[in-house]
Every structure is written in C-alpha cells, then in structure tokens.
Amino acid sequence: MASATDNRYGQKESSDQNFDYMFKILIIGNSSVGKTSFLFRYADDSFTPAFVSTVGIDFKVKTIYRNDKRIKLQIWDTAGQERYRTITTAYYRGAMGFILMYDITNEESFSAVQDWSTQIKTYSWDNAQVLLVGNKCDMEDERIVASERGRQLSEHLVTVPLGLYLGFEYFEASAKDNINVKQTFERLVDIICEKMSESLDAADPAVTGAKQGPQLTEQPAAPHQDCAC
Amino acid sequence: MIPRTEVVLSVLEELQEATECVGLDTLTKVAVDVEQVLSAFHLPTALCTEISSWLGIDAVAHRLYPADAPAGLLPLVCKGEGNLLFDSASMLLVGSTSLSLELQVRTVVEMLLWKRYYLCGMIDSKVMLQAARFSLCAEESQDMLNLPIQVLEAIFDADVKATCFPGTFANMWHVYALASVLKSNIYSVYPMYNLKIRPYFNRLIRPRTWLKDSEPLTLHIMWSGDLEGGSVFKPQNFVALIHASDLKIGSPNSDQRMPSLKSLEHVSPNSQLSYSTLKGKFNITKSTFYRWKRQSAEYHKKSVARYEAKHFFLTSYRQGKLIPLGQFKELFPEIPRSTYYAWKHELVSTCSVSGGSTGELSPGDSTEQDYWSSPEVKETPNQKSFANMIAIRCEKLEGERAQNMSLMQEAKKSLQNCIVTNTSFPYRIFKRRFPGISRSTYYNWRREAMLFTPFKEFSGSSEEGSDVDKTSPKSQLSPAMLERRKLTPRLKISGRRRKTQSLDYYQMKALREEAKMHVQRSKISYIKFKLKFPSVSSSFYWLWNRKMKKSVTISETEKSQSLNVSQDVIAKIKTQEMFSFDGNIDRLNGQAVCTSEFTLPEFSLPDKSSNEQMFVMDVVALANFKAKAKLFLQQRFEEKSFPTFKEFRSYFPLTPRSTYYMWKRALHHGVPLVHG
C-alpha cells in the first residue's frame, strides 16, 4: 500500500484501523421507554432521571473487546415518537443489531413491540439480530407487564421468515440501577458474531461470488450487507 | 514521507475517537487539525479517463437513467460499503475507489467546519434541507415538511459522526459538502420517479468555493436503487457516471483492455458485457471471450468508419444528389467499390419500395431494417447507436458483441414481425425464446413497432418517420399531413411529380391553415366548421380544438409554413380537390389515405364482394366506410372489448392495417374518433 492508487478497495483500510469489526446497532421502541438512558448508562455509565425527548436521532460510539477482537459499536439512539418513525427507519439500513425496548410499567409500549418488529423486518436486512428488552425493571411496584409475557412474546417474534431464526432473546433491565445493561449489549454483540461466523462458514462461494472474497477477512460485516441488498 | 493513505487513516482514527464524545465540539476541533494535515495533499483537478478497476456498466442504474439527464453518460458498477457516494466520486477522479476514504474524511471535515453554511448560509440551504427531509421517505408527506430544523440538525450531526466510519450512508448534504471539497460541480442525477421530490435531488450542486479563473469541473453522480411496485423509487446507492466518449479502460491485464468504451455503449442498453453473462448463453472459454472482445473492438472501429461513410452517402442522397463513386472514394478510401454499389442498389430499391407500397406490409422486406431502426435515432440523440445498427447489419462481425447484437436483432425482428402480422405474444413467451432480452427492452421494441409499423408504408425517409409519435394527437390528426411530410424528401427526387404534388400540397395546406385559424381564433362550432370547410376532415377540427385546450405544440410543418390564404386560393383548391382523382394511379398510390380523409357529405355503402382495389373504389364510399369503422372501433373500445386487427378486418376488409393501428393508438391516447 505504497501509494493511493495501489489500493483498489476502500474497505481494505478498515483492517488497518483501530478496530476489527464495526457493528451498527439501533435502539428502538416507544417514546420514554428509556432508550437514551439505556445508551448513556452503557456508554458513559451515567443516569439522569429527567426525561428529555430525543431529537430525531442520536449517535454514540463505544469500543469493546470481545473474543480478542476490538469491536467498535456504533449505537444509534432513535426517537420513539411516532412522528419520527420514518426518519428512524431510514437509519435501519446497515444495522446489524437492534435493541427493541419497552417499558415494563407501560402496557402500550409493550403492545407496540409487534409493530416495531415489523418495522425491523421491513426496513432492515434479513440477518439483523434483535434483542427484546423490558426496561425499568427497578420499578417493580409499578410493573404492568409480567416477565413471563415478555418472554412469551420474545419467543414468538421473528424477523426472518421460514423459521430460520427462532424468536428474540429477552432481557429485563434497568438503566437506572444498571441492571443487565452491559449484558444486553454484550449478548447482542455475541449473537452478531455468531451469526457472522455461521454465515461465513455456510457461505457457498458460488452464491456469494468472488467479489466478496477479499472482504471476508478484512471486513467480516460486509458479506451480510451484500446479501441483504 | 508518510504515504497518503496512512495519513488519511490516522486522521480518520482521530476523528473516530472524537465521535465518542458528546456533541460535535470535540470532533470539530479535530477537524480543524485534520484540515491542516490534509491540505498538504492535492486532489485531482480533472476527471480520470482510465478506469483501472473496471467492473462493467451498472445495468440497474442504466435502466433508471432519466431522459432529461445529459446524454452519453454511463453508470459504472462500483463495489463497496454503504451507499457509495465517495466510491463513485473516487471512480470519477482516479478510476478506482482508492480515493474514497480521503474524500470521505475531507467531506466530514467540510461538514463540521462549515455546518452553518450548509444548514442556513448557502443559497441552496432550503433545497438541501428539503432534500434531507425527503431522503427519509420516498413521498412528500406533511410530517416531513414540518420536520423542524432542530431535528434536521440532530440528524446532520449524527450523519457527520457516522461518516467518520467506513460504509457510511451519504445524504444530500454530503453531496453538497463533497462538491465543495472537490471545488467542482456535482450533477446529481435522480431517476424519473417520485416526481414530487425529484427536483430536490436531481440538480446541479455547486461548490462553496471554486477557483475563480476557471469554470469548475462537473462530476456526474446518479442515485440508483430499487423500484417498488414499479412506481416508487427507493434510492440505495450512488453510481458514478462516466462520459462514454472520452474514456479508455485501462487495466494491468491486457486481456481486459478495450480500446474504446464506445463499443460498450453500442452493445445495448440492457445487455451487460461480461464474461459471466455470456458464458451462460454461449458456452465459451474465458480466453475466447477476451479474444472476441479484442476482435470485436477492431471490427467496431471499422464498422464505425463504414457507418460514417454510409451516413454521408445516405444524407447526400436525401439531399437530392447521389454522390459519384470517384468523389466517394476520395472521401472514404477504405470503403471498397463493391460496397458503394451495394448501397446504391439498396437505396434505389428502398425508394421504389416505399413509393409503390399500397398499404400492405411485407415483414421480410430487406429495407425494413432501416426504417425499423429510425425510432432509435429519435430516442438517442447521438446517432451512434443507429450507426451501430447499420454498421452491424452491413458487416459480419465476429465475437460476442456481434453475437449479442445479432441475437438482439433477431429478437427484435421477430417481435416486429409478430406485431406486423398482429400475432404479438406476451413477454413471458418472448422471454422463453430470447432469454437475454429484458422486459423493458421488449416493451420498448414493442412500442416502437406499434408506433412505427402503421406508418412505414408512407415513409420516404427514415428520419422523417421518427417524429411520428412525438405528440399523440398528431397521430390521430394526420395521415394526410404525415403523408405530405413523408412526401417532401421524395419530391426532391423527381421534378415533375414534385411540381404537381407540391401544388396540391400547398393548396391543401393553405386551406387547412385557414380552417385551423377559424377553429382556433373564432372558436366556431363543429357544424359551422363543416359547412365552411367541407373538404377538411373533421378530425382536424377536433384536433385543433384539443390543441387549443391543451396547448399542445403545433407541428413543425405548420409553424414553418405560414401562408397567406385568399378566397381565390381556396376556390382553386376546391376545384382541384374535385378533379384530382382522375385515375392517376401513381399519385393515388401515395395518397390513398390522404384522399380518404377528405370526407364528402354523401355516402353509399360499398359492397364487400366488389373489387377490393383501393384505387378503384369510390372515394365517397371509402369515407363512409371509414366513418363506420371508426364508430365500430370506438364503441368496442368503450365496451373494453377492443377487436384485434384480424377481427376488425373481417368487418372492414378495406381499411389498411396502418389505419387500424392509428385509430387504436388514438383511442388509447384518449382521443375520440367520433364525436357527438
């Protein structure tokens, strides 16, 4: 890579960068279920009880080490309000993981989960991984959605047709008390990594084609995106 | 010296670190440094003409390419992540994606340092923000229009941060910033869909600054993507558009070298030239493929030269002089004498065929190909594809390109024949026979054939034939007029014919002009019109009426020929009209349809068993027949059981096929055949 012209593919550079993988993750769910708090807890380990509605869309980056890999997480915090729905779906493309969140003290946010999962199905690529998270589990007194209901729902939700993927994994979490926040993200990263290696192993060279050859080692995320488009 | 790419990578890393901080402040600080660092490197100031990572023509984008975009541009296949804006720009500047990341970094810096300028400072800010709003949805919606600037700013910020990572999805503001980075215009081409929001995306984007002493360069970049339900365009990625004419494909591997991209352009809009696509069809080895590719390029050069010669030959012939062999050889020494004579022979036979046609088509006619290709001249303003058609027809080309071409030609011809014989079949059956032909091509050809076939018998020159369908009402109006127009070039050939014909021509024209004036200026009723101008077809009345309402542009001939009409002339015309059909078969031949358009008041129904020769038939009866046929068609059309030509012919055996199609077209265009 002596000069600019020698380097044919832009993606190659990413191997020289300070991370091995970059995953784009979106947090979605109804307004005020605690998406931004969840992200701030994870990224900055901070919590503010005051509710400030997210304007449109926000973005945080966090680098983690997982299985000896440097993984850069690009976490998009989306606005839950209905009027921003089209904006946020525009950012679904390229996302490899979703945290679909509801508030255990809010029935409506739970009923909306089905709609959100349909959104994912419609606007993201097929291999996107989804975790269902019931937030605010610290507020046990005000709980309306029983854990069991969350679990049952998560098992029935599928984003991929033909049963290739059996349900979402499910967590109850609390951004306020820092319960299951880190675990949620790490589990999601693990699932993405698993899926990635699975599809790499399963990738039939005849199907995926030679064009992906150079990318497999350099940028493991790329084949997924190609398949989806 | 540290290599450029490493510098880019290190500054990118710094930017990425900074994205982890809240807000844009940290990132902006880094951007200031980055700008300093990168100022040491210079960006290309001209477009690259050697595409080193050549992957072919992007067929999807090619199909989506809008008609109002500049001609002669080809979309390039480009591989990468995200939506490829920077990859496309890099392809245009250096012929590969090697500059992508640097462009991306520079664009981030530009967006960070000039954020205010982009959001509210530039002339185009509002347009850009609207585009940003609409890029989040495919159609205009109230929610989107009301999206407050704070939200847009938040999205802008998030987008800037995201652009610090590879595989970014660029938005319209990236395009604006990129234009400034390159100090060039970016012509953003958007397919002809989502028309409400299209103007925000399909536009020339000017840089923030450019070198004042010269006109800025223009990069052409196109939005490509998927069509949902055939009407909603969903942008997926950007595609680089290269100038087909001045491009060479360079590659370290000489096998892949192609002398001129022109040849690719000619292959076809839909067939992508690649080994893999061809392998399936012809079972050839890779080396054979590339050998053919080389050979066909050489042949192509020859055939282009040939075409030029032939074009010149034809043009001069149309202008009324047949260029003598000696002169021809001087101009085109490489064209053999035999070819010259072959062309000459071809021309003479073409002329006689078109002159003597009585309305029945002969599908296998050798001259047909010339007519057939003429609509393409109209469609692609540069005559090169037409060139190729002729050149290839004349030449036995080797190689896949020729095979491809001949396959397409065969397909086209077969489709054409089927339409001529009215046995056209649906696409799925067509596809079985010609798997390589896309649906859009099928429909293009089919449309072409439908438009062109009925008029073929009139066309004295293929160029004239091409404006037949420019305005739909015209096709309803004027077999007569059209036929007149067709006649003009031929008139130049024979002097005597010319005199008599041009006389009626101008007289009738004058009459029509007068009638038209009346219709348009004084808005006379149909009855009055018929009383005043009994010899002018009523279709003109409706046409002119329509035209007034719709303000359709008046046909060229009418515009150019503004004649002073006196009563005297009209009187002359009337007498001329009455006595012009005096058994001059030669003339009637050419005017069969024309004369019948001039409806006369009295009718008598013709006997089916009588002599079916059109020339012998009573003009009056013919007119009546036509009226009945029109009525029949219109009724069936309204009943939604439009008859095929076969069925139609069983009722009206004397109406030419062309007329049937003309009426059919008119009905489909919403022009009624019979009024009241």
# chains A, B, ... in the order shown; residues from 1 in each chain; ligands from 1
>>> residues_around(residues="region 225-232 of chain B", least_positions_apart="5", cutoff="8 Å", atoms="only C-alpha atoms", output="ChimeraX atom specification")
/B:60-61,138,193-194,237
>>> select_by_dssp(residues="region 28-154 of chain B", states="helix (DSSP H, G or I)", output="count of residues only")
71
>>> closest_atom_pairs(of="chain B", to="chain A", cutoff="9 Å", atoms="only C-alpha atoms", output="tab-separated table")
residue	atom	partner	partner_atom	distance
B:Pro3	CA	A:Ser3	CA	6.1
B:Arg4	CA	A:Ala4	CA	6.4
B:Thr5	CA	A:Ala4	CA	5.8
B:Glu6	CA	A:Met1	CA	8.9
B:Leu9	CA	A:Gln17	CA	7.0
B:Ser10	CA	A:Gln17	CA	8.1
B:Leu12	CA	A:Gln17	CA	8.7
B:Glu13	CA	A:Gln17	CA	6.9
B:Gln16	CA	A:Val61	CA	8.3
B:Glu17	CA	A:Val61	CA	8.4
B:Thr19	CA	A:Val61	CA	6.5
B:Glu20	CA	A:Val61	CA	4.9
B:Cys21	CA	A:Lys60	CA	7.9
B:Val22	CA	A:Lys60	CA	7.9
B:Ser52	CA	A:Arg8	CA	8.6
B:Ser53	CA	A:Arg8	CA	7.1
B:Lys79	CA	A:Tyr9	CA	8.1
B:Gly80	CA	A:Gln11	CA	6.9
B:Glu81	CA	A:Ala222	CA	7.0
B:Gly82	CA	A:Gly94	CA	7.4
B:Asp87	CA	A:Gly10	CA	7.7
B:Val94	CA	A:Thr5	CA	7.6
B:Gly95	CA	A:Thr5	CA	8.9
B:Ser96	CA	A:Arg8	CA	6.0
B:Thr97	CA	A:Arg8	CA	5.7
B:Ser98	CA	A:Arg8	CA	5.2
B:Leu99	CA	A:Ala4	CA	6.8
B:Ser100	CA	A:Gly10	CA	6.1
B:Leu101	CA	A:Gly10	CA	6.3
B:Arg133	CA	A:Ile87	CA	8.3
B:Ser135	CA	A:Ala90	CA	8.1
B:Leu136	CA	A:Ile87	CA	5.2
B:Cys137	CA	A:Thr86	CA	6.4
B:Asp143	CA	A:Arg83	CA	6.6
B:Met144	CA	A:Arg83	CA	8.6
B:Leu147	CA	A:Tyr84	CA	8.6
B:Gln150	CA	A:Val55	CA	7.3
B:Val151	CA	A:Gly56	CA	5.1
B:Leu152	CA	A:Gly56	CA	7.4
B:Glu153	CA	A:Gly56	CA	8.9
B:Ala154	CA	A:Gly56	CA	6.2
B:Ile155	CA	A:Ile57	CA	5.8
B:Asp157	CA	A:Asp58	CA	8.0
B:Ala158	CA	A:Phe59	CA	5.6
B:Asp159	CA	A:Phe59	CA	8.6
B:Lys161	CA	A:Phe59	CA	7.4
B:Ala162	CA	A:Phe59	CA	7.8
B:Phe165	CA	A:Met22	CA	8.6
B:Pro166	CA	A:Gln11	CA	7.2
B:Gly167	CA	A:Gln11	CA	8.0
B:Thr168	CA	A:Gly94	CA	8.8
B:Phe169	CA	A:Arg93	CA	8.5
B:Gln236	CA	A:Cys229	CA	8.5
>>> write_last_selection(atoms="C-alpha atoms", output="short mmCIF file (atom, residue, chain, number, x, y, z; two decimals), in the first residue's frame")
data_model
loop_
_atom_site.label_atom_id
_atom_site.label_comp_id
_atom_site.auth_asym_id
_atom_site.auth_seq_id
_atom_site.Cartn_x
_atom_site.Cartn_y
_atom_site.Cartn_z
CA PRO B 3 2.15 7.62 2.40
CA ARG B 4 -1.01 9.49 1.78
CA THR B 5 -3.32 6.63 2.70
CA GLU B 6 -1.67 6.23 6.08
CA LEU B 9 -6.17 6.54 8.09
CA SER B 10 -4.58 8.18 11.07
CA LEU B 12 -9.75 9.16 10.39
CA GLU B 13 -8.88 7.35 13.57
CA GLN B 16 -13.46 8.30 15.17
CA GLU B 17 -12.11 8.72 18.67
CA THR B 19 -17.12 10.75 17.84
CA GLU B 20 -17.27 9.09 21.23
CA CYS B 21 -17.61 12.49 22.86
CA VAL B 22 -20.98 14.14 23.31
CA SER B 52 -8.45 0.87 -13.55
CA SER B 53 -10.97 -1.10 -11.53
CA LYS B 79 -18.23 -2.22 -5.17
CA GLY B 80 -18.06 -1.07 -1.62
CA GLU B 81 -19.95 -0.49 1.54
CA GLY B 82 -22.61 2.00 2.41
CA ASP B 87 -16.56 5.49 -4.04
CA VAL B 94 -8.85 8.38 -10.12
CA GLY B 95 -10.54 5.44 -11.83
CA SER B 96 -10.72 3.35 -8.68
CA THR B 97 -12.02 3.62 -5.16
CA SER B 98 -8.59 4.39 -3.75
CA LEU B 99 -9.50 7.97 -3.01
CA SER B 100 -12.84 7.12 -1.35
CA LEU B 101 -11.73 7.28 2.23
CA ARG B 133 -36.31 15.68 4.83
CA SER B 135 -34.47 11.44 1.79
CA LEU B 136 -36.05 9.98 4.88
CA CYS B 137 -39.12 8.98 2.95
CA ASP B 143 -44.92 15.20 8.65
CA MET B 144 -41.78 15.52 6.68
CA LEU B 147 -39.84 18.40 10.43
CA GLN B 150 -33.63 21.23 15.20
CA VAL B 151 -34.42 17.68 14.20
CA LEU B 152 -32.65 18.13 10.91
CA GLU B 153 -29.65 19.50 12.72
CA ALA B 154 -29.64 16.49 15.01
CA ILE B 155 -29.77 14.24 12.01
CA ASP B 157 -24.82 15.82 13.47
CA ALA B 158 -25.50 12.11 13.64
CA ASP B 159 -24.76 11.80 9.95
CA LYS B 161 -20.43 11.30 13.10
CA ALA B 162 -21.47 8.27 11.14
CA PHE B 165 -16.71 5.34 9.72
CA PRO B 166 -16.38 3.35 6.55
CA GLY B 167 -19.53 2.13 4.89
CA THR B 168 -21.43 5.30 5.52
CA PHE B 169 -24.76 6.14 4.01
CA GLN B 236 -29.98 2.56 -2.39
#
>>> atom_distance(atom1="CA of Tyr187 (chain B)", atom2="CA of Phe41 (chain B)")
24.8 Å
>>> closest_residue(among="A:Ile28, A:Val133, A:Ala128, A:Val113", to="Gln183 (chain A)", atoms="only C-alpha atoms")
A:Val133
>>> residues_around(residues="Pro199 (chain B)", least_positions_apart="3", cutoff="9 Å", atoms="only C-alpha atoms", output="count of residues only")
7
>>> residues_around(residues="Ser154 (chain A)", least_positions_apart="5", cutoff="9 Å", atoms="only C-alpha atoms", output="PyMOL selection string")
chain A and resi 131-132+149+167-170
